[in-house]
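Reviewing the structure listed below.
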Amino acid sequence: MNENKIASRQAAFLTFFLILGTAIIYMPESIAGRDTWLSTLIAVPVGMYILMVIITLQMMFPGRNIMDISELVLGKWAGRILNAFYVWLLFVITTFYLYDLFILLDIVILDLTRQIHYSILILLAAYCIYKGINAVARLADLLVWLVALSLALGIFISIVSGANFSYLAPVLVDWKPVIAGSLYAANWPFAQVSVLIMYLPFISDLAEKRRAIYYGYLIGALILVIRSILVVSILGAEITKITRHPIYQALRLLDVGTFERIDMIFFALLFITGFFALLIWYQGLILGVQKLLDRAEMRYLILPVGLLLVVFTSYMLTVDMEVFARQVRVLPFHSLPIHILYPTIIYIAGKIYKKRNTASRAAVR
Amino acid sequence: MLLILVIFIALIVILELPELLKGKAYRDIIIVTLLLFLSAAYGIAYHLHSEMLPNPNHIFYSLDPLAEYFQSLLQIGDEIQL
């Protein structure tokens, strides 16, 4: 296969990793308590809508990048301003992913200073990006089975040894936290499928096999719903609400026979999904910066943008207690409108552009 | 932070600069230089605990009232996750 082309199946795996991301660890919708699973479920259509819009848009302008489409249908300056908003979003979300992964590593395993953590993660991701989009997709192809197997094992062990489903009852006593939780989950992780917009021009068989991407999304969403059910069944609603890494906490409580601390086995799974989310956003950011600056080559941007991420994550995200609360509670009001409006505006403008083009061609004939 | 700045800049100079110079891609060199300058400015400010440079965080701070209004509207608590 061409170095810069990926298959729909591989894009589906990337979507799957993106949905699990770090949200599988942090559970931003846990504010809903015992109804967390309901919040997760309600948020699923948001990502599905974004996915449908970006895929339809890409099919209207095959092979073109969204930023080119934006300038084509909205005009050069209006398109560029809109693109700048999206590149800003790519930057912000990537810094938060970097931070999330650092917190997970810092709490669980290592004891390094944060800048060293950030640098290791960025250099690791930069190496993958240097190898090309196809290499990242093949890595996803390779690791998805390991992740799927670990997930199946984790779900099985949780059901057999620790879950108490009576913690989930009664259902929907108070709908307000459920609505709040679904807003938080809609922003993180479901709306974040919008980044796939940067990858769609590289998919060789999008028109024929685009359904695979929807399946990848829906399977990821299903796993998040199951995660919400199991975590609340193991920890109970109150502990789930106040725990920073609920799934990790739940795994720590599980024993299988004489085996203890089986959470360490699943740590690899959590790290892989989180790292993939970082990798996808970082690569999306590089592609976005390349298009925004109108450059033909993206290779030389990888490290400078990586350094910018390390520096800004250190500068912006300093007080941990504040960062997480802001990421869950405030970021939806900043990011969710861009996630939804950016592709929607370009889609509507694209429709109008196509209609006008068809009409003017008919008039010429 | 200073060490990290030095490592990244050295990597960029070793890995990217020869190719860019060879291809006479001067516009690309300017872009890389600007990105490095921005990183260095913020990196040094972070190292010196200086608040002189604008913090993009302020965009999120400005949205705090909206988030608080949403929380009060739905009467949800303010549990801090540990």
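Residue numbers start at 1 in each chain; chains themselves are named A, B, ... in the order of the structure tokens; ligands are numbered from 1 in the order shown.
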**Request:** Give me, as a PyMOL selection string, the contact residues of chain A against chain B at a cut-off of 6 Å, counting only C-alpha atoms.
**Result:** chain A and resi 176+242-244+300+308+311+315-316+330
**Prompt:** Near Ala250 in chain A, within 10 Å and counting only C-alpha atoms, which residues show up once chain neighbours fewer than 4 positions away are dropped, as a ChimeraX atom specification?
**Reply:** /A:158,162-163,230-236,239-240,243,245-246,254,263
Just the selected residues (all heavy atoms), exported as a compact mmCIF listing (two decimals), in the first residue's frame, please.
# COMPACT_ATOMS: atom_id res chain seq x y z
N SER A 158 -13.99 -8.85 35.89
CA SER A 158 -14.81 -7.91 36.68
C SER A 158 -16.17 -8.51 37.00
O SER A 158 -16.65 -8.43 38.13
CB SER A 158 -15.03 -6.61 35.92
OG SER A 158 -13.82 -6.08 35.51
N GLY A 162 -15.90 -9.31 40.96
CA GLY A 162 -16.07 -8.15 41.82
C GLY A 162 -17.35 -7.34 41.64
O GLY A 162 -17.71 -6.56 42.51
N ALA A 163 -18.06 -7.53 40.54
CA ALA A 163 -19.19 -6.63 40.25
C ALA A 163 -20.41 -6.94 41.10
O ALA A 163 -20.77 -8.11 41.28
CB ALA A 163 -19.54 -6.73 38.77
N LEU A 230 -19.57 -1.48 34.82
CA LEU A 230 -18.73 -2.32 35.67
C LEU A 230 -18.04 -1.53 36.78
O LEU A 230 -17.95 -1.99 37.92
CB LEU A 230 -17.69 -3.06 34.82
CG LEU A 230 -18.26 -4.18 33.94
CD1 LEU A 230 -17.17 -4.78 33.07
CD2 LEU A 230 -18.92 -5.26 34.79
N VAL A 231 -17.56 -0.33 36.44
CA VAL A 231 -16.84 0.46 37.45
C VAL A 231 -17.78 0.82 38.60
O VAL A 231 -17.43 0.66 39.78
CB VAL A 231 -16.20 1.72 36.83
CG1 VAL A 231 -15.74 2.68 37.90
CG2 VAL A 231 -15.03 1.34 35.95
N VAL A 232 -19.01 1.26 38.26
CA VAL A 232 -19.97 1.60 39.32
C VAL A 232 -20.36 0.33 40.09
O VAL A 232 -20.53 0.37 41.31
CB VAL A 232 -21.21 2.33 38.74
CG1 VAL A 232 -22.24 2.59 39.83
CG2 VAL A 232 -20.79 3.64 38.09
N SER A 233 -20.46 -0.79 39.40
CA SER A 233 -20.83 -2.06 40.07
C SER A 233 -19.73 -2.51 41.04
O SER A 233 -20.02 -3.21 42.00
CB SER A 233 -21.04 -3.18 39.08
OG SER A 233 -21.83 -2.78 38.06
N ILE A 234 -18.51 -2.14 40.77
CA ILE A 234 -17.40 -2.57 41.65
C ILE A 234 -17.16 -1.55 42.76
O ILE A 234 -17.05 -1.90 43.94
CB ILE A 234 -16.11 -2.79 40.82
CG1 ILE A 234 -16.30 -3.98 39.87
CG2 ILE A 234 -14.91 -3.05 41.73
CD1 ILE A 234 -15.23 -4.11 38.82
N LEU A 235 -17.10 -0.27 42.39
CA LEU A 235 -16.73 0.75 43.37
C LEU A 235 -17.93 1.34 44.12
O LEU A 235 -17.79 1.86 45.22
CB LEU A 235 -15.99 1.90 42.68
CG LEU A 235 -14.63 1.60 42.06
CD1 LEU A 235 -14.07 2.87 41.42
CD2 LEU A 235 -13.65 1.07 43.09
N GLY A 236 -19.11 1.30 43.49
CA GLY A 236 -20.26 2.01 44.06
C GLY A 236 -20.24 3.45 43.53
O GLY A 236 -19.20 3.96 43.13
N ILE A 239 -17.86 6.35 45.52
CA ILE A 239 -16.40 6.26 45.33
C ILE A 239 -16.05 6.57 43.87
O ILE A 239 -15.05 7.22 43.59
CB ILE A 239 -15.86 4.88 45.78
CG1 ILE A 239 -16.09 4.72 47.28
CG2 ILE A 239 -14.38 4.72 45.46
CD1 ILE A 239 -15.73 3.37 47.83
N THR A 240 -16.91 6.13 42.95
CA THR A 240 -16.66 6.42 41.53
C THR A 240 -16.59 7.92 41.30
O THR A 240 -15.74 8.42 40.58
CB THR A 240 -17.79 5.82 40.66
OG1 THR A 240 -17.87 4.43 40.93
CG2 THR A 240 -17.53 6.02 39.18
N THR A 243 -13.19 9.44 42.69
CA THR A 243 -11.91 8.82 42.32
C THR A 243 -11.40 9.41 41.02
O THR A 243 -12.16 9.60 40.08
CB THR A 243 -12.07 7.29 42.18
OG1 THR A 243 -12.69 6.82 43.35
CG2 THR A 243 -10.74 6.60 42.00
N HIS A 245 -8.99 8.02 38.91
CA HIS A 245 -8.91 6.99 37.86
C HIS A 245 -9.83 5.83 38.27
O HIS A 245 -9.34 4.81 38.76
CB HIS A 245 -7.48 6.46 37.73
CG HIS A 245 -6.47 7.52 37.44
ND1 HIS A 245 -5.56 7.95 38.36
CD2 HIS A 245 -6.25 8.23 36.32
CE1 HIS A 245 -4.81 8.90 37.82
NE2 HIS A 245 -5.21 9.08 36.59
N PRO A 246 -11.14 5.98 38.06
CA PRO A 246 -12.06 4.95 38.58
C PRO A 246 -11.77 3.54 38.06
O PRO A 246 -11.81 2.59 38.83
CB PRO A 246 -13.43 5.43 38.11
CG PRO A 246 -13.27 6.85 37.76
CD PRO A 246 -11.87 7.05 37.36
N LEU A 254 -9.80 -6.06 42.33
CA LEU A 254 -10.10 -7.41 41.86
C LEU A 254 -8.99 -8.39 42.21
O LEU A 254 -7.81 -8.09 42.06
CB LEU A 254 -10.31 -7.41 40.34
CG LEU A 254 -11.46 -6.56 39.81
CD1 LEU A 254 -11.49 -6.62 38.29
CD2 LEU A 254 -12.78 -7.02 40.38
N ASP A 263 -4.18 -5.28 38.36
CA ASP A 263 -4.28 -3.98 37.67
C ASP A 263 -3.05 -3.70 36.83
O ASP A 263 -3.14 -3.01 35.80
CB ASP A 263 -4.50 -2.85 38.68
CG ASP A 263 -3.45 -2.85 39.78
OD1 ASP A 263 -3.36 -3.86 40.50
OD2 ASP A 263 -2.73 -1.85 39.90
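The smallest atom-to-atom distance between Ser72 in chain B and any of A:Ser119, A:Leu14, A:Leu183, A:Pro177, using only C-alpha atoms, is found for A:Pro177.
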**Request:** List the neighbours of Val195 in chain A out to 8 Å using only C-alpha atoms; skip same-chain residues closer than 2 positions along the sequence, and give me the result as an NGL selection string.
**Result:** :A and (90 or 192-193 or 197-199 or 280-281 or 284)
As a compact mmCIF listing (two decimals) with C-alpha atoms, in the first residue's frame, which residues of chain B does DSSP assign to helix (DSSP H, G or I)?
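Written out: states-v6.txt:
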# COMPACT_ATOMS: atom_id res chain seq x y z
CA LEU B 2 16.26 24.50 29.89
CA LEU B 3 17.82 21.09 29.32
CA ILE B 4 14.74 19.95 27.42
CA LEU B 5 14.85 23.07 25.26
CA VAL B 6 18.50 22.37 24.46
CA ILE B 7 17.84 18.69 23.63
CA PHE B 8 14.93 19.47 21.32
CA ILE B 9 16.75 22.32 19.56
CA ALA B 10 19.82 20.11 19.09
CA LEU B 11 17.63 17.34 17.64
CA ILE B 12 15.98 19.77 15.23
CA VAL B 13 19.32 21.22 14.14
CA ILE B 14 20.79 17.74 13.58
CA LEU B 15 17.78 16.07 11.97
CA LEU B 17 18.24 21.76 9.35
CA PRO B 18 20.66 20.11 6.86
CA GLU B 19 17.75 18.97 4.69
CA LEU B 20 16.07 22.38 4.80
CA LEU B 21 19.32 24.17 3.93
CA LYS B 22 20.01 21.73 1.14
CA TYR B 26 14.08 29.44 3.62
CA ARG B 27 10.39 29.98 4.39
CA ASP B 28 10.31 26.66 6.22
CA ILE B 29 13.45 27.63 8.14
CA ILE B 30 11.73 30.86 9.22
CA ILE B 31 8.68 28.91 10.41
CA VAL B 32 10.86 26.50 12.43
CA THR B 33 12.81 29.42 13.90
CA LEU B 34 9.61 31.20 14.94
CA LEU B 35 8.23 28.04 16.57
CA LEU B 36 11.51 27.51 18.44
CA PHE B 37 11.59 31.15 19.51
CA LEU B 38 8.06 30.86 20.90
CA SER B 39 8.95 27.63 22.72
CA ALA B 40 12.14 29.16 24.11
CA ALA B 41 10.31 32.29 25.32
CA TYR B 42 7.65 30.29 27.17
CA GLY B 43 10.18 27.69 28.36
CA ILE B 44 12.41 30.35 29.90
CA ALA B 45 9.38 32.11 31.41
CA TYR B 46 8.33 28.80 32.98
CA HIS B 47 11.84 28.19 34.27
CA ASN B 57 -5.31 29.38 30.24
CA HIS B 58 -7.13 32.70 30.58
CA ILE B 59 -9.45 31.61 27.79
CA PHE B 60 -10.64 28.77 30.03
CA TYR B 61 -10.83 31.05 33.09
CA SER B 62 -13.12 33.35 31.14
CA ASP B 64 -15.68 29.59 34.35
CA PRO B 65 -18.88 31.59 34.97
CA LEU B 66 -20.65 29.71 32.18
CA ALA B 67 -19.59 26.35 33.64
CA GLU B 68 -20.67 27.47 37.13
CA TYR B 69 -24.02 28.64 35.81
CA PHE B 70 -24.53 25.27 34.10
CA GLN B 71 -23.68 23.46 37.35
CA SER B 72 -26.03 25.62 39.39
CA LEU B 73 -28.76 25.18 36.79
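Take CA of Ile31 in chain A and CA of Gly181 in chain A: the distance between them is 5.8 Å.
Close contacts of Gln10 in chain A, defined as residues with an atom at most 10 Å away when counting only C-alpha atoms, with chain neighbours fewer than 4 positions off set aside, comprise Ile6, Leu14, Thr15, Phe16, Asn134, Val136, Ala137, Arg138, Leu139, Ala140, Asp141, Leu142, Val144, Ile203, Ala212, Ile213 and Gly216 of chain A.
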Go ahead and write the residues just picked, N, CA, C and O atoms, as a PDB file, in the first residue's frame.
ATOM      1  N   ILE A   6      -4.138   4.816   3.964  1.00  0.00           N
ATOM      2  CA  ILE A   6      -4.555   3.811   4.935  1.00  0.00           C
ATOM      3  C   ILE A   6      -5.901   3.236   4.506  1.00  0.00           C
ATOM      4  O   ILE A   6      -6.618   3.855   3.717  1.00  0.00           O
ATOM      5  N   LEU A  14      -8.232   3.144  14.449  1.00  0.00           N
ATOM      6  CA  LEU A  14      -7.810   4.427  15.029  1.00  0.00           C
ATOM      7  C   LEU A  14      -8.983   5.083  15.763  1.00  0.00           C
ATOM      8  O   LEU A  14      -8.823   5.641  16.842  1.00  0.00           O
ATOM      9  N   THR A  15     -10.176   4.998  15.156  1.00  0.00           N
ATOM     10  CA  THR A  15     -11.382   5.551  15.797  1.00  0.00           C
ATOM     11  C   THR A  15     -11.637   4.863  17.133  1.00  0.00           C
ATOM     12  O   THR A  15     -11.949   5.514  18.138  1.00  0.00           O
ATOM     13  N   PHE A  16     -11.486   3.558  17.138  1.00  0.00           N
ATOM     14  CA  PHE A  16     -11.686   2.753  18.350  1.00  0.00           C
ATOM     15  C   PHE A  16     -10.728   3.217  19.461  1.00  0.00           C
ATOM     16  O   PHE A  16     -11.138   3.477  20.597  1.00  0.00           O
ATOM     17  N   ASN A 134       0.790   5.738   7.469  1.00  0.00           N
ATOM     18  CA  ASN A 134       0.595   4.305   7.242  1.00  0.00           C
ATOM     19  C   ASN A 134       1.186   3.474   8.386  1.00  0.00           C
ATOM     20  O   ASN A 134       0.590   2.485   8.815  1.00  0.00           O
ATOM     21  N   VAL A 136       1.566   4.455  11.519  1.00  0.00           N
ATOM     22  CA  VAL A 136       0.704   4.626  12.697  1.00  0.00           C
ATOM     23  C   VAL A 136      -0.517   3.714  12.571  1.00  0.00           C
ATOM     24  O   VAL A 136      -0.907   3.036  13.527  1.00  0.00           O
ATOM     25  N   ALA A 137      -1.092   3.669  11.365  1.00  0.00           N
ATOM     26  CA  ALA A 137      -2.273   2.829  11.147  1.00  0.00           C
ATOM     27  C   ALA A 137      -1.923   1.353  11.318  1.00  0.00           C
ATOM     28  O   ALA A 137      -2.705   0.578  11.883  1.00  0.00           O
ATOM     29  N   ARG A 138      -0.729   0.959  10.840  1.00  0.00           N
ATOM     30  CA  ARG A 138      -0.330  -0.449  10.994  1.00  0.00           C
ATOM     31  C   ARG A 138      -0.068  -0.803  12.458  1.00  0.00           C
ATOM     32  O   ARG A 138      -0.329  -1.911  12.891  1.00  0.00           O
ATOM     33  N   LEU A 139       0.434   0.173  13.205  1.00  0.00           N
ATOM     34  CA  LEU A 139       0.634  -0.042  14.642  1.00  0.00           C
ATOM     35  C   LEU A 139      -0.714  -0.288  15.324  1.00  0.00           C
ATOM     36  O   LEU A 139      -0.842  -1.182  16.173  1.00  0.00           O
ATOM     37  N   ALA A 140      -1.714   0.505  14.910  1.00  0.00           N
ATOM     38  CA  ALA A 140      -3.070   0.321  15.450  1.00  0.00           C
ATOM     39  C   ALA A 140      -3.597  -1.057  15.078  1.00  0.00           C
ATOM     40  O   ALA A 140      -4.197  -1.764  15.904  1.00  0.00           O
ATOM     41  N   ASP A 141      -3.337  -1.451  13.844  1.00  0.00           N
ATOM     42  CA  ASP A 141      -3.740  -2.761  13.323  1.00  0.00           C
ATOM     43  C   ASP A 141      -3.171  -3.889  14.191  1.00  0.00           C
ATOM     44  O   ASP A 141      -3.826  -4.872  14.501  1.00  0.00           O
ATOM     45  N   LEU A 142      -1.939  -3.683  14.581  1.00  0.00           N
ATOM     46  CA  LEU A 142      -1.200  -4.696  15.336  1.00  0.00           C
ATOM     47  C   LEU A 142      -1.674  -4.781  16.787  1.00  0.00           C
ATOM     48  O   LEU A 142      -1.844  -5.868  17.342  1.00  0.00           O
ATOM     49  N   VAL A 144      -4.517  -3.544  18.193  1.00  0.00           N
ATOM     50  CA  VAL A 144      -5.950  -3.563  18.500  1.00  0.00           C
ATOM     51  C   VAL A 144      -6.377  -4.936  19.045  1.00  0.00           C
ATOM     52  O   VAL A 144      -7.229  -5.025  19.936  1.00  0.00           O
ATOM     53  N   ILE A 203      -7.556   7.979   3.384  1.00  0.00           N
ATOM     54  CA  ILE A 203      -8.192   6.653   3.333  1.00  0.00           C
ATOM     55  C   ILE A 203      -8.472   6.287   1.877  1.00  0.00           C
ATOM     56  O   ILE A 203      -9.161   7.024   1.168  1.00  0.00           O
ATOM     57  N   ALA A 212     -17.044   0.686   8.169  1.00  0.00           N
ATOM     58  CA  ALA A 212     -16.088   0.153   9.158  1.00  0.00           C
ATOM     59  C   ALA A 212     -15.755   1.219  10.209  1.00  0.00           C
ATOM     60  O   ALA A 212     -15.603   0.894  11.393  1.00  0.00           O
ATOM     61  N   ILE A 213     -15.677   2.478   9.785  1.00  0.00           N
ATOM     62  CA  ILE A 213     -15.337   3.556  10.733  1.00  0.00           C
ATOM     63  C   ILE A 213     -16.468   3.737  11.751  1.00  0.00           C
ATOM     64  O   ILE A 213     -16.221   3.884  12.947  1.00  0.00           O
ATOM     65  N   GLY A 216     -16.225   0.934  14.192  1.00  0.00           N
ATOM     66  CA  GLY A 216     -15.127   1.192  15.134  1.00  0.00           C
ATOM     67  C   GLY A 216     -15.569   2.134  16.243  1.00  0.00           C
ATOM     68  O   GLY A 216     -15.292   1.915  17.424  1.00  0.00           O
TER      69      GLY A 216
END
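Among the candidate residues A:Glu71, A:Asp255, A:Asp205, A:Asp111, the one lying nearest to Val160 in chain A is A:Asp255, with distances computed using only C-alpha atoms.
Closest approach to Ala11 in chain A from the set A:Ser39, A:Ser204, A:Asn65, A:Thr94 is made by A:Ser204, with distances taken over only C-alpha atoms.
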